[in-house]
>>> print(open('work02.pdb').read())   # PDB, C-alpha atoms
ATOM      1  CA  MET A   1     -13.275   8.022   0.405
ATOM      2  CA  THR A   2     -13.414   9.419   3.943
ATOM      3  CA  LEU A   3     -15.115  12.622   5.068
ATOM      4  CA  HIS A   4     -13.550  14.842   7.752
ATOM      5  CA  HIS A   5     -16.271  17.300   8.774
ATOM      6  CA  VAL A   6     -15.252  20.613  10.323
ATOM      7  CA  ASP A   7     -17.865  20.234  13.067
ATOM      8  CA  SER A   8     -16.313  16.954  14.226
ATOM      9  CA  PHE A   9     -13.244  18.717  15.619
ATOM     10  CA  GLN A  10     -13.521  20.385  18.994
ATOM     11  CA  ASP A  11     -12.582  24.041  18.998
ATOM     12  CA  TYR A  12      -9.427  25.074  20.804
ATOM     13  CA  THR A  13      -8.245  28.601  21.379
ATOM     14  CA  GLU A  14      -5.338  29.874  19.318
ATOM     15  CA  ASP A  15      -3.200  29.959  22.452
ATOM     16  CA  GLU A  16      -3.944  26.302  23.240
ATOM     17  CA  VAL A  17      -3.096  25.081  19.748
ATOM     18  CA  PHE A  18       0.075  27.123  19.460
ATOM     19  CA  ALA A  19       1.209  26.114  22.954
ATOM     20  CA  SER A  20       0.768  22.455  22.024
ATOM     21  CA  VAL A  21       2.801  22.945  18.850
ATOM     22  CA  LYS A  22       5.610  24.644  20.761
ATOM     23  CA  ASN A  23       5.628  21.809  23.285
ATOM     24  CA  LEU A  24       5.961  19.223  20.515
ATOM     25  CA  ILE A  25       8.923  20.891  18.841
ATOM     26  CA  LYS A  26      10.929  21.323  22.036
ATOM     27  CA  LYS A  27      14.134  19.310  21.856
ATOM     28  CA  GLU A  28      13.844  18.425  25.527
ATOM     29  CA  ASN A  29      10.459  16.818  24.900
ATOM     30  CA  ARG A  30      11.470  13.151  24.892
ATOM     31  CA  THR A  31       8.011  11.752  25.539
ATOM     32  CA  TYR A  32       7.603  10.947  21.846
ATOM     33  CA  THR A  33       9.866   9.841  19.017
ATOM     34  CA  ALA A  34      10.519  12.262  16.156
ATOM     35  CA  PHE A  35       8.053  10.373  13.963
ATOM     36  CA  GLN A  36       5.378  10.382  16.678
ATOM     37  CA  LYS A  37       5.829  14.131  17.173
ATOM     38  CA  ARG A  38       5.225  14.736  13.483
ATOM     39  CA  LEU A  39       2.127  12.539  13.515
ATOM     40  CA  LEU A  40       0.767  14.432  16.519
ATOM     41  CA  PHE A  41       1.489  17.722  14.794
ATOM     42  CA  ALA A  42      -0.349  16.583  11.656
ATOM     43  CA  ASP A  43      -3.363  15.685  13.778
ATOM     44  CA  LEU A  44      -3.184  18.842  15.874
ATOM     45  CA  ILE A  45      -3.478  21.299  13.001
ATOM     46  CA  LYS A  46      -6.935  19.928  12.142
ATOM     47  CA  TYR A  47      -8.207  21.969  15.078
ATOM     48  CA  ILE A  48      -6.987  25.297  13.697
ATOM     49  CA  SER A  49      -9.882  27.467  12.568
ATOM     50  CA  THR A  50      -8.267  30.805  11.672
ATOM     51  CA  GLU A  51      -5.978  31.772   8.805
ATOM     52  CA  ARG A  52      -4.090  33.976  11.272
ATOM     53  CA  LEU A  53      -2.911  30.890  13.159
ATOM     54  CA  LEU A  54      -2.706  28.341  10.352
ATOM     55  CA  MET A  55       0.151  29.679   8.228
ATOM     56  CA  PRO A  56       2.388  30.856  11.125
ATOM     57  CA  THR A  57       1.988  27.423  12.725
ATOM     58  CA  LEU A  58       3.001  25.697   9.500
ATOM     59  CA  GLU A  59       5.938  28.075   9.074
ATOM     60  CA  VAL A  60       7.198  27.276  12.577
ATOM     61  CA  ALA A  61       6.839  23.572  11.817
ATOM     62  CA  GLU A  62       8.865  23.996   8.630
ATOM     63  CA  ASP A  63      11.587  25.896  10.499
ATOM     64  CA  PHE A  64      11.941  22.945  12.866
ATOM     65  CA  ASN A  65      11.878  20.413  10.008
ATOM     66  CA  PHE A  66       8.495  19.011  11.018
ATOM     67  CA  ILE A  67       7.279  19.492   7.459
ATOM     68  CA  GLN A  68       9.031  20.085   4.153
ATOM     69  CA  ASP A  69       8.282  22.266   1.136
ATOM     70  CA  LEU A  70       5.561  24.402   2.697
ATOM     71  CA  ASN A  71       5.247  26.445  -0.499
ATOM     72  CA  ASP A  72       4.442  23.313  -2.496
ATOM     73  CA  LEU A  73       1.956  22.158   0.131
ATOM     74  CA  ASN A  74       0.278  25.548   0.150
ATOM     75  CA  LYS A  75       0.000  25.601  -3.654
ATOM     76  CA  LEU A  76      -1.580  22.148  -3.553
ATOM     77  CA  VAL A  77      -4.153  23.150  -0.943
ATOM     78  CA  GLU A  78      -4.969  26.396  -2.743
ATOM     79  CA  THR A  79      -5.800  24.470  -5.929
ATOM     80  CA  ILE A  80      -8.554  22.443  -4.243
ATOM     81  CA  PRO A  81     -11.769  23.818  -5.790
ATOM     82  CA  LEU A  82     -14.466  25.141  -3.469
ATOM     83  CA  ASP A  83     -17.853  23.476  -3.836
ATOM     84  CA  GLN A  84     -19.703  26.388  -2.190
ATOM     85  CA  ASP A  85     -19.195  29.662  -0.334
ATOM     86  CA  TYR A  86     -17.791  29.207   3.167
ATOM     87  CA  SER A  87     -17.357  31.441   6.169
ATOM     88  CA  ARG A  88     -13.775  32.500   6.878
ATOM     89  CA  LYS A  89     -13.699  30.201   9.909
ATOM     90  CA  ASP A  90     -14.964  27.151   8.021
ATOM     91  CA  LEU A  91     -12.636  27.786   5.082
ATOM     92  CA  ALA A  92      -9.644  28.103   7.395
ATOM     93  CA  GLN A  93     -10.486  24.825   9.078
ATOM     94  CA  LEU A  94     -11.094  23.072   5.755
ATOM     95  CA  LYS A  95      -7.615  24.140   4.676
ATOM     96  CA  ALA A  96      -6.177  23.031   8.014
ATOM     97  CA  ILE A  97      -7.730  19.573   7.625
ATOM     98  CA  ALA A  98      -6.460  19.356   4.036
ATOM     99  CA  PHE A  99      -2.946  20.268   5.182
ATOM    100  CA  SER A 100      -3.231  17.679   7.933
ATOM    101  CA  GLU A 101      -4.200  14.862   5.557
ATOM    102  CA  ILE A 102      -1.465  15.703   3.038
ATOM    103  CA  ILE A 103       1.216  15.986   5.727
ATOM    104  CA  LEU A 104       0.064  12.741   7.344
ATOM    105  CA  ILE A 105       0.291  10.703   4.129
ATOM    106  CA  ASN A 106       3.671  12.232   3.239
ATOM    107  CA  LEU A 107       4.973  11.306   6.685
ATOM    108  CA  PHE A 108       3.979   7.671   6.267
ATOM    109  CA  PHE A 109       5.519   7.506   2.794
ATOM    110  CA  GLN A 110       8.752   9.046   4.084
ATOM    111  CA  GLN A 111       8.857   6.625   7.002
ATOM    112  CA  PHE A 112       7.860   3.387   5.284
ATOM    113  CA  GLY A 113       8.366   4.007   1.565
ATOM    114  CA  ARG A 114       5.795   4.481  -1.165
ATOM    115  CA  PRO A 115       4.316   1.240  -2.577
ATOM    116  CA  GLU A 116       4.603   0.860  -6.340
ATOM    117  CA  ASP A 117       0.888   0.567  -7.057
ATOM    118  CA  VAL A 118      -0.421   3.128  -4.573
ATOM    119  CA  PRO A 119      -2.876   5.643  -6.091
ATOM    120  CA  GLU A 120      -2.397   9.388  -5.810
ATOM    121  CA  LEU A 121      -3.796  11.225  -2.796
ATOM    122  CA  GLN A 122      -7.151  12.805  -3.627
ATOM    123  CA  VAL A 123      -8.426  15.775  -1.613
ATOM    124  CA  SER A 124     -11.650  17.700  -2.180
ATOM    125  CA  TYR A 125     -14.143  19.817  -0.259
ATOM    126  CA  SER A 126     -17.693  18.599   0.158
ATOM    127  CA  ASN A 127     -20.328  20.434   2.197
ATOM    128  CA  LYS A 128     -18.151  21.659   5.089
ATOM    129  CA  ALA A 129     -15.979  18.554   4.971
ATOM    130  CA  VAL A 130     -12.690  17.432   3.491
ATOM    131  CA  GLU A 131     -13.005  14.245   1.463
ATOM    132  CA  THR A 132      -9.853  12.170   0.979
ATOM    133  CA  ASN A 133      -8.741   8.669   0.037
ATOM    134  CA  SER A 134      -6.085   8.669   2.775
ATOM    135  CA  GLU A 135      -7.445   5.515   4.425
ATOM    136  CA  GLU A 136      -7.152   3.667   1.115
ATOM    137  CA  LEU A 137      -3.534   4.810   0.797
ATOM    138  CA  LEU A 138      -2.737   3.687   4.333
ATOM    139  CA  GLU A 139      -4.244   0.278   3.559
ATOM    140  CA  HIS A 140      -1.916   0.040   0.545
ATOM    141  CA  LEU A 141       0.965   0.994   2.795
ATOM    142  CA  LYS A 142       0.075  -1.618   5.411
ATOM    143  CA  ARG A 143      -0.320  -4.318   2.786
ATOM    144  CA  SER A 144       3.038  -3.413   1.265
ATOM    145  CA  ALA A 145       4.649  -3.579   4.695
ATOM    146  CA  TYR A 146       3.185  -7.039   5.291
ATOM    147  CA  ILE A 147       4.464  -8.272   1.935
ATOM    148  CA  LYS A 148       7.934  -7.029   2.863
ATOM    149  CA  ILE A 149       7.629  -8.912   6.149
ATOM    150  CA  ALA A 150       6.711 -12.035   4.215
ATOM    151  CA  GLU A 151       9.592 -11.614   1.767
ATOM    152  CA  ASN A 152      12.102 -11.059   4.565
ATOM    153  CA  THR A 153      10.835 -13.894   6.741
ATOM    154  CA  VAL A 154      12.283 -17.381   6.808
ATOM    155  CA  LYS A 155      10.449 -19.130   4.002
ATOM    156  CA  SER A 156       9.528 -22.274   5.905
ATOM    157  CA  GLY A 157       9.274 -23.832   9.309
ATOM    158  CA  LYS A 158       8.045 -23.004  12.774
ATOM    159  CA  ALA A 159      10.115 -19.800  13.114
ATOM    160  CA  ALA A 160       8.316 -18.221  10.174
ATOM    161  CA  LYS A 161       4.887 -19.271  11.441
ATOM    162  CA  ASP A 162       5.680 -17.977  14.933
ATOM    163  CA  LYS A 163       6.698 -14.583  13.559
ATOM    164  CA  PHE A 164       3.381 -14.123  11.799
ATOM    165  CA  LYS A 165       1.490 -15.491  14.793
ATOM    166  CA  ALA A 166       3.122 -12.861  17.017
ATOM    167  CA  ILE A 167       2.102 -10.052  14.653
ATOM    168  CA  ILE A 168      -1.481 -11.335  14.447
ATOM    169  CA  THR A 169      -1.679 -11.692  18.238
ATOM    170  CA  SER A 170      -0.481  -8.109  18.708
ATOM    171  CA  MET A 171      -3.144  -6.831  16.323
ATOM    172  CA  ALA A 172      -5.833  -8.849  18.090
ATOM    173  CA  SER A 173      -4.740  -7.459  21.466
ATOM    174  CA  ILE A 174      -4.935  -3.876  20.216
ATOM    175  CA  ASP A 175      -8.407  -4.416  18.752
ATOM    176  CA  TYR A 176      -9.623  -6.134  21.928
ATOM    177  CA  ALA A 177      -8.282  -3.410  24.206
ATOM    178  CA  ASN A 178      -9.864  -0.653  22.122
ATOM    179  CA  LYS A 179     -13.047  -2.539  21.184
ATOM    180  CA  THR A 180     -12.354  -1.996  17.483
ATOM    181  CA  GLU A 181     -12.009  -4.074  14.328
ATOM    182  CA  PHE A 182      -9.301  -1.897  12.806
ATOM    183  CA  PHE A 183      -7.010  -4.854  12.071
ATOM    184  CA  LYS A 184      -9.742  -7.303  11.045
ATOM    185  CA  HIS A 185      -8.719  -7.651   7.391
ATOM    186  CA  ASP A 186      -5.023  -7.421   8.196
ATOM    187  CA  LYS A 187      -5.292 -10.351  10.593
ATOM    188  CA  GLU A 188      -7.105 -12.420   7.977
ATOM    189  CA  TYR A 189      -4.481 -11.587   5.349
ATOM    190  CA  LEU A 190      -1.531 -12.444   7.596
ATOM    191  CA  LYS A 191      -3.233 -15.607   8.822
ATOM    192  CA  GLU A 192      -3.589 -16.755   5.214
ATOM    193  CA  ILE A 193       0.140 -16.210   4.678
ATOM    194  CA  LYS A 194       0.983 -18.010   7.936
ATOM    195  CA  ASP A 195      -1.215 -20.987   7.119
ATOM    196  CA  ASN A 196       0.468 -21.395   3.738
ATOM    197  CA  ILE A 197       4.053 -21.350   4.999
ATOM    198  CA  PRO A 198       5.462 -24.826   4.284
ATOM    199  CA  GLU A 199       6.904 -26.974   7.025
ATOM    200  CA  GLU A 200      10.661 -27.285   7.298
ATOM    201  CA  ASN A 201      12.334 -29.569   4.789
ATOM    202  CA  THR A 202       9.282 -29.530   2.532
ATOM    203  CA  PRO A 203      10.722 -29.985  -0.957
ATOM    204  CA  THR A 204      10.207 -27.253  -3.522
ATOM    205  CA  VAL A 205       7.239 -27.981  -5.744
ATOM    206  CA  LEU A 206       8.401 -28.787  -9.233
ATOM    207  CA  PRO A 207       6.248 -28.365 -12.306
ATOM    208  CA  ALA A 208       4.883 -31.506 -13.879
ATOM    209  CA  GLN A 209       7.191 -32.772 -16.586
ATOM    210  CA  ASN A 210       4.618 -34.539 -18.735
ATOM    211  CA  LYS A 211       2.490 -31.548 -19.671
ATOM    212  CA  THR A 212       2.351 -30.497 -23.301
ATOM    213  CA  SER A 213       3.399 -26.934 -23.992
ATOM    214  CA  PRO A 214       0.447 -24.821 -25.213
ATOM    215  CA  SER A 215       0.922 -23.323 -28.659
ATOM    216  CA  PHE A 216       1.146 -19.732 -27.431
ATOM    217  CA  PHE A 217       4.440 -20.441 -25.649
ATOM    218  CA  LYS A 218       7.188 -19.925 -28.223
ATOM    219  CA  HIS A 219       9.488 -22.629 -26.834
ATOM    220  CA  PRO A 220       9.079 -25.578 -24.449
ATOM    221  CA  GLU A 221      11.536 -23.797 -22.134
ATOM    222  CA  CYS A 222       9.166 -20.824 -21.899
ATOM    223  CA  PHE A 223       6.398 -23.141 -20.769
ATOM    224  CA  LYS A 224       8.686 -24.834 -18.237
ATOM    225  CA  LEU A 225       9.696 -21.438 -16.877
ATOM    226  CA  PHE A 226       6.055 -20.439 -16.486
ATOM    227  CA  GLU A 227       5.094 -23.738 -14.847
ATOM    228  CA  ASP A 228       7.968 -23.456 -12.381
ATOM    229  CA  TYR A 229       7.044 -19.869 -11.535
ATOM    230  CA  ALA A 230       3.361 -20.749 -11.129
ATOM    231  CA  ALA A 231       4.196 -23.712  -8.894
ATOM    232  CA  ASN A 232       6.486 -21.831  -6.529
ATOM    233  CA  TYR A 233       5.941 -18.074  -6.611
ATOM    234  CA  ILE A 234       2.221 -17.330  -6.843
ATOM    235  CA  ILE A 235       1.149 -15.627  -3.607
ATOM    236  CA  GLU A 236      -1.279 -12.979  -4.854
ATOM    237  CA  PRO A 237      -2.817 -14.553  -7.971
ATOM    238  CA  TYR A 238      -3.968 -11.363  -9.680
ATOM    239  CA  VAL A 239      -0.709  -9.450  -9.250
ATOM    240  CA  ASP A 240       1.631 -12.430  -9.656
ATOM    241  CA  TYR A 241      -0.042 -13.777 -12.793
ATOM    242  CA  SER A 242      -0.134 -10.221 -14.147
ATOM    243  CA  PHE A 243       3.612 -10.013 -13.679
ATOM    244  CA  ILE A 244       4.565 -13.339 -15.251
ATOM    245  CA  PHE A 245       2.177 -12.835 -18.186
ATOM    246  CA  GLN A 246       3.397  -9.302 -18.882
ATOM    247  CA  GLN A 247       7.055 -10.239 -18.375
ATOM    248  CA  LEU A 248       6.862 -13.128 -20.841
ATOM    249  CA  LYS A 249       5.001 -10.898 -23.262
ATOM    250  CA  ASP A 250       7.554  -8.100 -22.856
ATOM    251  CA  GLU A 251      10.418 -10.487 -23.582
ATOM    252  CA  LYS A 252       8.510 -11.949 -26.540
ATOM    253  CA  LEU A 253       8.482 -15.451 -25.087
ATOM    254  CA  ILE A 254       4.797 -15.961 -25.859
ATOM    255  CA  HIS A 255       2.803 -15.412 -29.021
ATOM    256  CA  PRO A 256       0.009 -12.808 -28.980
ATOM    257  CA  ILE A 257      -2.883 -13.936 -26.791
ATOM    258  CA  SER A 258      -5.630 -11.898 -25.164
ATOM    259  CA  HIS A 259      -5.759 -11.458 -21.411
ATOM    260  CA  LYS A 260      -9.111 -13.234 -21.229
ATOM    261  CA  GLU A 261      -7.844 -16.225 -23.226
ATOM    262  CA  PHE A 262      -4.852 -16.565 -20.926
ATOM    263  CA  ILE A 263      -7.067 -16.273 -17.835
ATOM    264  CA  LEU A 264      -9.337 -19.034 -19.124
ATOM    265  CA  TRP A 265      -6.306 -21.189 -19.918
ATOM    266  CA  LEU A 266      -5.008 -20.742 -16.347
ATOM    267  CA  LYS A 267      -8.234 -22.274 -15.039
ATOM    268  CA  SER A 268      -8.332 -25.100 -17.591
ATOM    269  CA  ALA A 269      -4.693 -25.948 -16.827
ATOM    270  CA  GLY A 270      -5.407 -26.122 -13.101
ATOM    271  CA  HIS A 271      -3.365 -23.072 -12.127
ATOM    272  CA  THR A 272      -6.271 -21.155 -10.596
ATOM    273  CA  THR A 273      -9.229 -22.139  -8.469
ATOM    274  CA  GLN A 274     -12.758 -21.224  -9.478
ATOM    275  CA  LYS A 275     -12.723 -18.341  -6.996
ATOM    276  CA  GLU A 276      -9.405 -17.036  -8.321
ATOM    277  CA  ASN A 277     -10.587 -17.421 -11.902
ATOM    278  CA  ASP A 278     -13.783 -15.501 -11.133
ATOM    279  CA  LEU A 279     -11.687 -12.691  -9.665
ATOM    280  CA  LEU A 280      -9.445 -12.539 -12.729
ATOM    281  CA  LEU A 281     -12.438 -12.537 -15.068
ATOM    282  CA  GLU A 282     -14.061  -9.810 -12.997
ATOM    283  CA  LYS A 283     -10.914  -7.708 -13.380
ATOM    284  CA  GLY A 284     -11.074  -8.404 -17.106
ATOM    285  CA  HIS A 285      -7.388  -7.819 -17.710
ATOM    286  CA  PHE A 286      -4.007  -8.120 -16.061
ATOM    287  CA  ARG A 287      -2.123  -5.246 -14.505
ATOM    288  CA  SER A 288       0.553  -3.572 -16.573
ATOM    289  CA  LEU A 289       4.136  -4.720 -16.133
ATOM    290  CA  SER A 290       5.108  -1.520 -14.333
ATOM    291  CA  LYS A 291       2.283  -1.951 -11.820
ATOM    292  CA  SER A 292       2.925  -5.635 -11.123
ATOM    293  CA  THR A 293       6.720  -5.703 -10.969
ATOM    294  CA  ASN A 294       8.764  -5.668  -7.797
ATOM    295  CA  GLN A 295      12.296  -6.764  -7.045
ATOM    296  CA  ALA A 296      11.290 -10.081  -5.487
ATOM    297  CA  ARG A 297       9.280 -11.100  -8.553
ATOM    298  CA  LEU A 298      12.085 -10.074 -10.896
ATOM    299  CA  ASN A 299      14.635 -12.022  -8.867
ATOM    300  CA  SER A 300      12.481 -15.152  -8.986
ATOM    301  CA  TYR A 301      11.851 -14.746 -12.699
ATOM    302  CA  TYR A 302      15.482 -14.282 -13.689
ATOM    303  CA  LYS A 303      16.539 -17.144 -11.458
ATOM    304  CA  LEU A 304      14.227 -19.413 -13.448
ATOM    305  CA  LYS A 305      15.223 -17.864 -16.751
ATOM    306  CA  ASP A 306      18.863 -18.661 -16.014
ATOM    307  CA  LYS A 307      17.780 -22.202 -15.194
ATOM    308  CA  TYR A 308      15.874 -22.834 -18.424
ATOM    309  CA  PHE A 309      17.820 -20.605 -20.812
ATOM    310  CA  GLU A 310      21.366 -21.370 -19.742
ATOM    311  CA  ASN A 311      22.909 -20.569 -23.123
ATOM    312  CA  ASP A 312      21.125 -17.247 -23.724
TER
END
>>> encode(input="work02.pdb", output="structure tokens")
Amino acid sequence: MTLHHVDSFQDYTEDEVFASVKNLIKKENRTYTAFQKRLLFADLIKYISTERLLMPTLEVAEDFNFIQDLNDLNKLVETIPLDQDYSRKDLAQLKAIAFSEIILINLFFQQFGRPEDVPELQVSYSNKAVETNSEELLEHLKRSAYIKIAENTVKSGKAAKDKFKAIITSMASIDYANKTEFFKHDKEYLKEIKDNIPEENTPTVLPAQNKTSPSFFKHPECFKLFEDYAANYIIEPYVDYSFIFQQLKDEKLIHPISHKEFILWLKSAGHTTQKENDLLLEKGHFRSLSKSTNQARLNSYYKLKDKYFEND
């Protein structure tokens, strides 16, 4: 959770804030894209410290389609419980910051889509500050965007590696120029993807044919399907194994088995490393099917199901 303290925002006069808003919404203002203008607006309203300016500013923004459903936004902000008595100025700015955070997250979701497993936005007041999980949501959004990049990238060869290298280099340049580590984890994540992209003409890994099907798989074909999926489509072990386990369970292709038993079997069968197994055991259970499914995983699964269950 991140705290946005009212004292961390420099005071501007009402005239300065409103003049900046009017400048942003001018059609002839071509300095910024429409999306950038909305982001700047969301940031700008954090500096509003009077109720007299806050609502008229939001109403003007709604009139110019900078924000949508102001009534719904206002109802949401009004339901945030107060943790103490505040001065009128502090309360107005707390509301302004809350509006800003909600508008900001909605803008990113509208622009880039809402990831399937993203948590709900949480907003609360805490000792003259607004506490939100917006940074966590943006991390989900970035990660989802990177996965889409990976899914839409050539699956092998130098072209794919070069694409990821260019993205990583851009992130490194931004961090270096600004003396930050904002993209530290993102660079590590993308580098891991890049380093695991196979070279061109690398044959698809096929599951071993001499393995005996464990008793909890209902048919040998179910086991072959799982082995093929595990050999070729596991990128994020926790989410991917959650999906294939829950999908097989949902389609009644495996007999009842606890999550922990299946996790331990994955390690004993050589599907997970010790580190991956420790992570799965720490989680204690797989994600639900709804929280681990996406179109790419479904496509891969049904492709293999058609392969091993041709007559179904």
>>> closest_residue(input="work02.pdb", among="A:Leu304, A:Leu280, A:Leu40, A:Ala159", to="Phe226 (chain A)", atoms="only C-alpha atoms")
A:Leu304
>>> residues_near_point(input="work02.pdb", point="(7.1, 21.0, 2.5)", cutoff="12 Å", atoms="all atoms listed in the file", output="VMD selection string")
chain A and resid 58 to 77 99 102 to 104 106 to 107
>>> resolve_selection(input="work02.pdb", expression="the PyMOL selection byres ((chain A and resi 128) around 8)", output="JSON, numbers by chain")
{"A": [5, 6, 86, 90, 94, 125, 126, 127, 129, 130]}
>>> residues_around(input="work02.pdb", residues="Arg287 (chain A)", least_positions_apart="6", cutoff="10 Å", atoms="all atoms listed in the file", output="ChimeraX atom specification")
/A:117,238-243,245-246,259,293
>>> write_last_selection(input="work02.pdb", atoms="C-alpha atoms", output="mmCIF file, in the frame of the given file")
data_model
loop_
_atom_site.group_PDB
_atom_site.id
_atom_site.type_symbol
_atom_site.label_atom_id
_atom_site.label_comp_id
_atom_site.auth_asym_id
_atom_site.auth_seq_id
_atom_site.Cartn_x
_atom_site.Cartn_y
_atom_site.Cartn_z
ATOM 1 C CA ASP A 117 0.888 0.567 -7.057
ATOM 2 C CA TYR A 238 -3.968 -11.363 -9.680
ATOM 3 C CA VAL A 239 -0.709 -9.450 -9.250
ATOM 4 C CA ASP A 240 1.631 -12.430 -9.656
ATOM 5 C CA TYR A 241 -0.042 -13.777 -12.793
ATOM 6 C CA SER A 242 -0.134 -10.221 -14.147
ATOM 7 C CA PHE A 243 3.612 -10.013 -13.679
ATOM 8 C CA PHE A 245 2.177 -12.835 -18.186
ATOM 9 C CA GLN A 246 3.397 -9.302 -18.882
ATOM 10 C CA HIS A 259 -5.759 -11.458 -21.411
ATOM 11 C CA THR A 293 6.720 -5.703 -10.969
#
>>> atom_distance(input="work02.pdb", atom1="CA of Leu82 (chain A)", atom2="CA of Ser49 (chain A)")
16.8 Å
>>> axis_aligned_box(input="work02.pdb", around="region 51-64 of chain A", padding_each_side="5 Å", output="lines of an AutoDock Vina configuration file")
center_x = 3.0
center_y = 28.5
center_z = 10.7
size_x = 27.9
size_y = 21.0
size_z = 14.9
>>> residues_around(input="work02.pdb", residues="Ile45 (chain A)", least_positions_apart="6", cutoff="9 Å", atoms="all atoms listed in the file", output="number ranges by chain")
A: 17, 21, 54, 57-58, 93, 96-97, 99-100
>>> resolve_selection(input="work02.pdb", expression="the PyMOL selection byres ((chain A and resi 223) around 10)", output="list in words")
Pro207, Lys211, Thr212, Ser213, Pro214, Ser215, Phe216, Phe217, Lys218, His219, Pro220, Glu221, Cys222, Lys224, Leu225, Phe226, Glu227, Asp228, Tyr229, Leu253, Ile254 and Tyr308 of chain A
>>> resolve_selection(input="work02.pdb", expression="the PyMOL selection byres ((chain A and resi 111) around 12)", output="list of chain:residue names")
A:Ala34, A:Phe35, A:Gln36, A:Arg38, A:Leu39, A:Leu104, A:Ile105, A:Asn106, A:Leu107, A:Phe108, A:Phe109, A:Gln110, A:Phe112, A:Gly113, A:Arg114, A:Pro115, A:Leu141, A:Ala145
>>> atom_distance(input="work02.pdb", atom1="CA of Ile168 (chain A)", atom2="CA of Lys184 (chain A)")
9.8 Å
>>> atom_distance(input="work02.pdb", atom1="CA of Lys194 (chain A)", atom2="CA of Lys267 (chain A)")
25.1 Å
>>> closest_residue(input="work02.pdb", among="A:Ser290, A:Asn277, A:Asn299, A:Thr169", to="Phe262 (chain A)", atoms="all atoms listed in the file")
A:Asn277
>>> closest_residue(input="work02.pdb", among="A:Leu137, A:Ala42, A:Ala19, A:Leu190", to="Ile167 (chain A)", atoms="only C-alpha atoms")
A:Leu190
